[in-house]
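Asks: The structure that follows is given in the form of structure tokens.
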Protein chains: 2
Amino acid sequence: MDIRKYESIIKNVTLFFGTEGSGLDLAVKNMDGTIKSYSKGEFLHMAGKALRKFGLVLSGTVQVLSDDINGERTIMASVSPGETFGESLCFLKKKNSPVYIYTSEGAVVLWLSAEKIKSTEYYDRFTAMIAERALAMNNRIQILSKITLREKLITYFTQLAHQNKSNTFNVPLNREDMATYVGTNRSALSRELSNMKKEGLIDFYKASFKILK
Amino acid sequence: MDIRKYESIIKNVTLFFGTEGSGLDLAVKNMDGTIKSYSKGEFLHMAGKALRKFGLVLSGTVQVLSDDINGERTIMASVSPGETFGESLCFLKKKNSPVYIYTSEGAVVLWLSAEKIKSTEYYDRFTAMIAERALAMNNRIQILSKITLREKLITYFTQLAHQNKSNTFNVPLNREDMATYVGTNRSALSRELSNMKKEGLIDFYKASFKILK
DNA sequence: TACGTTACGTTGCAATTGCAACATAATCTC
DNA sequence: GAGATTATGTTGCAATTGCAACGTAACGTA
């Protein structure tokens with residue numbers, strides 16, 4: 001197991017922040033940590049089985065997928081290096097979790113036991129990680145449950161302004177991802193952003209936005 | 001403090017499940033629990049201040065609200081007896097939480113310290129509570145991020161069928177709430193449900209639904 | 001500079017949906 | 001069971017949005 005190879009990534013993850021060198025080795029060992037490499041197109045986990053450990057992506061990208069009735073597979077999340085997946089499912093020991101874990105481009109994953117974490121000094125951080133995710137999802141739900149695109153955008157901008165404590169802020173997503181985040185497509189997003197600018201509600205240049213009214 | 005008066009509710013909450021009588025008194029005491037009554041139209045918490053404790057509603061209903069730029073207040077959640085609010089905000093000690101807690105009809109709330117919980121035997125359950133909420137929100141996001149109403153409904157039904165391990169299930173919401181949950185209005189929902197029935201995709205009678213195809 | 005590539009803006013049109021208004025059905029109360 | 005009340009279904013119309021196709025700007029590379 002070659003934790004040290006990925007130390008620069010791991011030590012910046014909230015869960016391990018500030019843990020380095022042999023301290024990191026020990027921490028990972030206490031969580032039954034195992035590193036596994038996956039090649040392009042491989043499944044890391046199949047639906048219907050319990051997730052014994054949750055994953056921290058060390059390199060590559062991992063997709064969380066689920067099926068619907070028509071047998072269509074939807075991407076529920078795309079996980080990048082330094083990000084985790086499956087903590088809640090794993091912590092709750094959900095049987096029959098309806099999700100697949102898959103990598104289209106190949107990935108390296110550090111698998112960690114949520115059960116073992118409970119008896120380490122990292123338990124509080126683990127809980128905090130889930131709580132942070134809950135807040136982030138809550139924000140997104142606030143946006144997605146608005147009816148019109150304009151309302152969605154106003155909600156999104158309000159959140160960003162609040163986070164930045166300023167009416168000027170950068171949107172951390174490109175237009176394509178921003179559109180997905182607020183539940184629309186790029187062209188509709190561009191149209192509405194332009195309308196809002198025309199009406200003097202906001203101003204923006206590239207990723208920099210300003211709320212005017 | 002009159003915990004016992006609400007024992008029948010409290011002991012059925014996941015957090016306290018199975019805890020009764022003097023055990024419950026002790027548990028609540030160890031979490032710095034305090035009961036407070038609020039009258040119609042009262043604010044339990046104002047935006048901009050940290051939430052020192054999270055709440056468990058004992059009677060009445062409590063609304064979680066937030067403002068947007070236009071000064072419009074949106075209901076983020078409506079919390080009924082036996083349900084909790086603010087766990088994540090409280091656990092993370094978020095300053096400047098942008099939410100108001102309000103009761104339109106009056107309520108009784110048991111306030112509990114997330115900090116104190118850490119050193120009790122209930123910590124695992126607390127974490128599980130947040131994880132459950134994360135999963136529930138994730139389900140809703142899957143639904144809300146679909147484009148068409150039909151896709152939203154198919155996703156919702158797929159989730160319910162999976163939870164029930166059967167293609168027949170009851171929807172635990174009336175049409176009005178179901179519409180809100182999937183991000184539309186009642187009449188559009190009725191229309192689409194009828195269309196899906198006409199096309200032989202589903203069948204339903206009142207709250208009982210069946211996936212056919 | 002010329003070229004390719006990628007990100008972003010614009011627009012026409014068809015499809016979906018919100019909304020309002022009304023119809024019908026179920027439920028409750030007396 | 002009459003009448004009130006609430007839940008659900010139906011429908012016409014206007015508004016919003018998805019989608020596709022194209023235009024424009026920014027950036028890197030040879």
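The way I read the labels, and the way they are meant: chains A, B, ... in the order of the structure tokens, residue 1 as the first residue of every chain, and ligand 1 as the first ligand shown, with later ones counted on from there.
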So which bits of region 116-209 of chain A end up strand (DSSP E or B) when you DSSP the backbone, as a list in words?

Replies: Thr168, Phe169, Asn170, Ile202, Asp203, Phe204, Tyr205, Ser208 and Phe209 of chain A

Asks: Just write the chosen residues, N, CA and C atoms, as a PDB file, in the first residue's frame.

Replies:
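Final output, part-v3.pdb:
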```pdb
ATOM      1  N   THR A 168     -20.487  40.817  -4.824  1.00  0.00           N
ATOM      2  CA  THR A 168     -19.641  40.426  -5.945  1.00  0.00           C
ATOM      3  C   THR A 168     -18.981  39.100  -5.605  1.00  0.00           C
ATOM      4  N   PHE A 169     -18.998  38.199  -6.546  1.00  0.00           N
ATOM      5  CA  PHE A 169     -18.454  36.862  -6.264  1.00  0.00           C
ATOM      6  C   PHE A 169     -18.162  36.149  -7.569  1.00  0.00           C
ATOM      7  N   ASN A 170     -17.395  35.088  -7.471  1.00  0.00           N
ATOM      8  CA  ASN A 170     -17.147  34.241  -8.629  1.00  0.00           C
ATOM      9  C   ASN A 170     -17.988  32.985  -8.551  1.00  0.00           C
ATOM     10  N   ILE A 202     -28.399  42.103 -12.537  1.00  0.00           N
ATOM     11  CA  ILE A 202     -27.041  41.632 -12.245  1.00  0.00           C
ATOM     12  C   ILE A 202     -26.091  42.148 -13.313  1.00  0.00           C
ATOM     13  N   ASP A 203     -24.828  42.013 -13.015  1.00  0.00           N
ATOM     14  CA  ASP A 203     -23.830  42.223 -14.054  1.00  0.00           C
ATOM     15  C   ASP A 203     -22.854  41.072 -13.949  1.00  0.00           C
ATOM     16  N   PHE A 204     -22.259  40.719 -15.065  1.00  0.00           N
ATOM     17  CA  PHE A 204     -21.266  39.642 -14.994  1.00  0.00           C
ATOM     18  C   PHE A 204     -20.305  39.736 -16.163  1.00  0.00           C
ATOM     19  N   TYR A 205     -19.123  39.233 -15.898  1.00  0.00           N
ATOM     20  CA  TYR A 205     -18.130  39.093 -16.952  1.00  0.00           C
ATOM     21  C   TYR A 205     -17.419  37.785 -16.651  1.00  0.00           C
ATOM     22  N   SER A 208     -17.146  36.158 -13.034  1.00  0.00           N
ATOM     23  CA  SER A 208     -17.369  37.164 -12.002  1.00  0.00           C
ATOM     24  C   SER A 208     -18.770  37.761 -12.100  1.00  0.00           C
ATOM     25  N   PHE A 209     -19.518  37.677 -11.025  1.00  0.00           N
ATOM     26  CA  PHE A 209     -20.893  38.169 -11.011  1.00  0.00           C
ATOM     27  C   PHE A 209     -21.090  39.239  -9.957  1.00  0.00           C
TER      28      PHE A 209
END
```

Asks: Got a sec: who's within 9 Å of Ser78 (chain A), counting only C-alpha atoms (C1' of nucleotides), leaving out chain neighbours fewer than 2 positions off, as a VMD selection string?

Replies: chain A and resid 61 to 65 75 to 76 80

Asks: Using N, CA and C atoms, can you export the residues from the last selection as an mmCIF file, in the first residue's frame?

Replies:
```
data_model
loop_
_atom_site.group_PDB
_atom_site.id
_atom_site.type_symbol
_atom_site.label_atom_id
_atom_site.label_comp_id
_atom_site.auth_asym_id
_atom_site.auth_seq_id
_atom_site.Cartn_x
_atom_site.Cartn_y
_atom_site.Cartn_z
ATOM 1 N N THR A 61 -11.350 9.719 -12.077
ATOM 2 C CA THR A 61 -12.702 10.144 -11.710
ATOM 3 C C THR A 61 -13.574 8.913 -11.558
ATOM 4 N N VAL A 62 -14.521 9.036 -10.650
ATOM 5 C CA VAL A 62 -15.415 7.918 -10.387
ATOM 6 C C VAL A 62 -16.854 8.414 -10.516
ATOM 7 N N GLN A 63 -17.707 7.612 -11.132
ATOM 8 C CA GLN A 63 -19.110 7.997 -11.266
ATOM 9 C C GLN A 63 -20.002 7.136 -10.376
ATOM 10 N N VAL A 64 -20.942 7.793 -9.737
ATOM 11 C CA VAL A 64 -21.958 7.073 -8.985
ATOM 12 C C VAL A 64 -23.201 7.036 -9.861
ATOM 13 N N LEU A 65 -23.688 5.845 -10.151
ATOM 14 C CA LEU A 65 -24.796 5.686 -11.089
ATOM 15 C C LEU A 65 -25.981 4.998 -10.432
ATOM 16 N N ILE A 75 -26.230 9.400 -14.054
ATOM 17 C CA ILE A 75 -25.087 9.770 -13.220
ATOM 18 C C ILE A 75 -25.590 10.568 -12.025
ATOM 19 N N MET A 76 -25.395 10.055 -10.832
ATOM 20 C CA MET A 76 -25.825 10.762 -9.631
ATOM 21 C C MET A 76 -24.733 11.696 -9.141
ATOM 22 N N SER A 80 -14.201 13.583 -8.021
ATOM 23 C CA SER A 80 -12.837 13.912 -8.425
ATOM 24 C C SER A 80 -11.842 13.638 -7.300
#
```

Asks: Could you write out as a PyMOL selection string the residues of chain D within 10 Å of chain B, counting only C-alpha atoms (C1' of nucleotides)?

Replies: chain D and resi 7-11+17-18

Asks: Could you state the separation of CA of Ile35 (chain B) and CA of Pro98 (chain B) in Å, given to one decimal place?

Replies: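 These two atoms are separated by 23.7 Å.
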
Asks: With a cut-off of 9 Å, could you pull out the residues of chain C touching chain A and give me the nearest pair of atoms for each, distance in Å to one decimal, using only C-alpha atoms (C1' of nucleotides), ordered by chain and ascending number, as a Markdown table?

Replies:
```
| residue | atom | partner | partner_atom | distance |
| --- | --- | --- | --- | --- |
| C:DA7 | C1' | A:Arg175 | CA | 8.1 |
| C:DC8 | C1' | A:Arg175 | CA | 7.5 |
| C:DG9 | C1' | A:Ser190 | CA | 6.4 |
| C:DT10 | C1' | A:Arg191 | CA | 7.6 |
| C:DG18 | C1' | A:Ile147 | CA | 8.6 |
```

Asks: Write a file of the selected residues as a short mmCIF file (atom, residue, chain, number, x, y, z; two decimals), in the first residue's frame, keeping N, CA and C atoms (P, O5', C5', C4', C3', O3' and C1' of nucleotides).

Replies:
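Heads up, here's the output in out-v1.cif:
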```cif
data_model
loop_
_atom_site.label_atom_id
_atom_site.label_comp_id
_atom_site.auth_asym_id
_atom_site.auth_seq_id
_atom_site.Cartn_x
_atom_site.Cartn_y
_atom_site.Cartn_z
P DA C 7 -14.52 23.76 -22.69
"O5'" DA C 7 -15.08 25.25 -22.55
"C5'" DA C 7 -14.20 26.28 -22.10
"C4'" DA C 7 -14.91 27.60 -22.29
"C3'" DA C 7 -16.32 27.62 -21.70
"O3'" DA C 7 -16.45 28.77 -20.87
"C1'" DA C 7 -16.36 28.34 -23.96
P DC C 8 -17.73 29.00 -20.02
"O5'" DC C 8 -18.57 29.98 -20.93
"C5'" DC C 8 -17.99 31.24 -21.29
"C4'" DC C 8 -18.86 31.88 -22.34
"C3'" DC C 8 -20.33 32.02 -21.95
"O3'" DC C 8 -20.63 33.41 -21.89
"C1'" DC C 8 -20.07 31.31 -24.20
P DG C 9 -22.11 33.89 -21.56
"O5'" DG C 9 -22.66 34.26 -23.00
"C5'" DG C 9 -22.04 35.32 -23.73
"C4'" DG C 9 -22.81 35.60 -25.01
"C3'" DG C 9 -24.30 35.89 -24.83
"O3'" DG C 9 -24.62 36.99 -25.68
"C1'" DG C 9 -24.00 34.07 -26.33
P DT C 10 -26.09 37.53 -25.77
"O5'" DT C 10 -26.70 36.74 -27.01
"C5'" DT C 10 -26.08 36.83 -28.27
"C4'" DT C 10 -27.01 36.32 -29.35
"C3'" DT C 10 -28.50 36.62 -29.15
"O3'" DT C 10 -28.97 37.16 -30.37
"C1'" DT C 10 -28.20 34.31 -29.51
P DG C 18 -44.63 23.26 -13.74
"O5'" DG C 18 -45.35 24.67 -13.84
"C5'" DG C 18 -44.56 25.82 -14.14
"C4'" DG C 18 -45.42 27.07 -14.10
"C3'" DG C 18 -46.29 27.21 -12.85
"O3'" DG C 18 -46.31 28.59 -12.50
"C1'" DG C 18 -47.68 27.05 -14.78
#
```

Asks: Tell me the residues of chain B close to chain A, meaning within 6 Å using only C-alpha atoms, as a PyMOL selection string.

Replies: chain B and resi 68-69+88+127+131+134+145+158+183

Asks: Write a file of the selected residues as a compact mmCIF listing (two decimals), in the first residue's frame, keeping C-alpha atoms.

Replies:
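What ended up in result07.txt:
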```
# COMPACT_ATOMS: atom_id res chain seq x y z
CA ASP B 68 -33.42 35.90 -0.89
CA ILE B 69 -32.22 39.08 -2.48
CA SER B 88 -26.02 20.03 10.53
CA THR B 127 -24.49 10.81 12.88
CA ALA B 131 -26.64 10.46 7.09
CA ALA B 134 -28.32 13.18 3.34
CA SER B 145 -32.70 17.50 -11.53
CA THR B 158 -38.49 3.95 -9.07
CA GLY B 183 -41.12 20.43 -8.08
```

Asks: To one decimal place in Å, what is the distance between CA of Ala107 (chain B) and CA of Gly23 (chain B)?

Replies: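 It comes out at 24.8 Å.
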
Asks: What does the distance between CA of Glu7 (chain A) and CA of Lys93 (chain A) come to in Å, to one decimal place?

Replies: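 Between CA of Glu7 (chain A) and CA of Lys93 (chain A) the gap is 28.4 Å.
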
Asks: Could you give me the residues within region 4-138 of chain A that DSSP places in alpha helix (DSSP H), as a ChimeraX atom specification?

Replies: /A:7-10,21-30,87-91,114-117,123-138

Asks: List the neighbours of Phe54 (chain A) out to 8 Å using only C-alpha atoms (C1' of nucleotides); skip same-chain residues closer than 3 positions along the sequence, and give me the result as a PyMOL selection string.

Replies: chain A and resi 51+84-87+90+111-114

Asks: Could you save the residues just selected, with N, CA and C atoms, as a PDB file, in the first residue's frame?

Replies:
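Saved to again27.pdb:
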```pdb
ATOM      1  N   LEU A  51     -22.387  -1.481   0.729  1.00  0.00           N
ATOM      2  CA  LEU A  51     -21.076  -0.853   0.581  1.00  0.00           C
ATOM      3  C   LEU A  51     -20.320  -1.048   1.891  1.00  0.00           C
ATOM      4  N   THR A  84     -14.966  12.378  -1.726  1.00  0.00           N
ATOM      5  CA  THR A  84     -15.376  11.051  -1.258  1.00  0.00           C
ATOM      6  C   THR A  84     -16.741  10.666  -1.820  1.00  0.00           C
ATOM      7  N   PHE A  85     -17.068   9.403  -1.706  1.00  0.00           N
ATOM      8  CA  PHE A  85     -18.401   8.946  -2.102  1.00  0.00           C
ATOM      9  C   PHE A  85     -18.838   7.805  -1.196  1.00  0.00           C
ATOM     10  N   GLY A  86     -20.135   7.695  -0.998  1.00  0.00           N
ATOM     11  CA  GLY A  86     -20.700   6.539  -0.303  1.00  0.00           C
ATOM     12  C   GLY A  86     -20.623   6.578   1.217  1.00  0.00           C
ATOM     13  N   GLU A  87     -20.223   7.714   1.816  1.00  0.00           N
ATOM     14  CA  GLU A  87     -20.096   7.736   3.285  1.00  0.00           C
ATOM     15  C   GLU A  87     -21.404   7.399   3.984  1.00  0.00           C
ATOM     16  N   CYS A  90     -22.605   3.823   3.464  1.00  0.00           N
ATOM     17  CA  CYS A  90     -21.705   2.926   4.161  1.00  0.00           C
ATOM     18  C   CYS A  90     -21.911   3.011   5.669  1.00  0.00           C
ATOM     19  N   TRP A 111     -10.125   3.085  -0.027  1.00  0.00           N
ATOM     20  CA  TRP A 111     -11.361   2.636   0.634  1.00  0.00           C
ATOM     21  C   TRP A 111     -11.173   2.673   2.147  1.00  0.00           C
ATOM     22  N   LEU A 112     -12.156   3.232   2.854  1.00  0.00           N
ATOM     23  CA  LEU A 112     -12.036   3.382   4.303  1.00  0.00           C
ATOM     24  C   LEU A 112     -13.279   2.846   5.004  1.00  0.00           C
ATOM     25  N   SER A 113     -13.071   2.263   6.146  1.00  0.00           N
ATOM     26  CA  SER A 113     -14.191   1.694   6.892  1.00  0.00           C
ATOM     27  C   SER A 113     -14.862   2.744   7.777  1.00  0.00           C
ATOM     28  N   ALA A 114     -16.138   2.994   7.513  1.00  0.00           N
ATOM     29  CA  ALA A 114     -16.878   3.954   8.337  1.00  0.00           C
ATOM     30  C   ALA A 114     -17.040   3.399   9.746  1.00  0.00           C
TER      31      ALA A 114
END
```
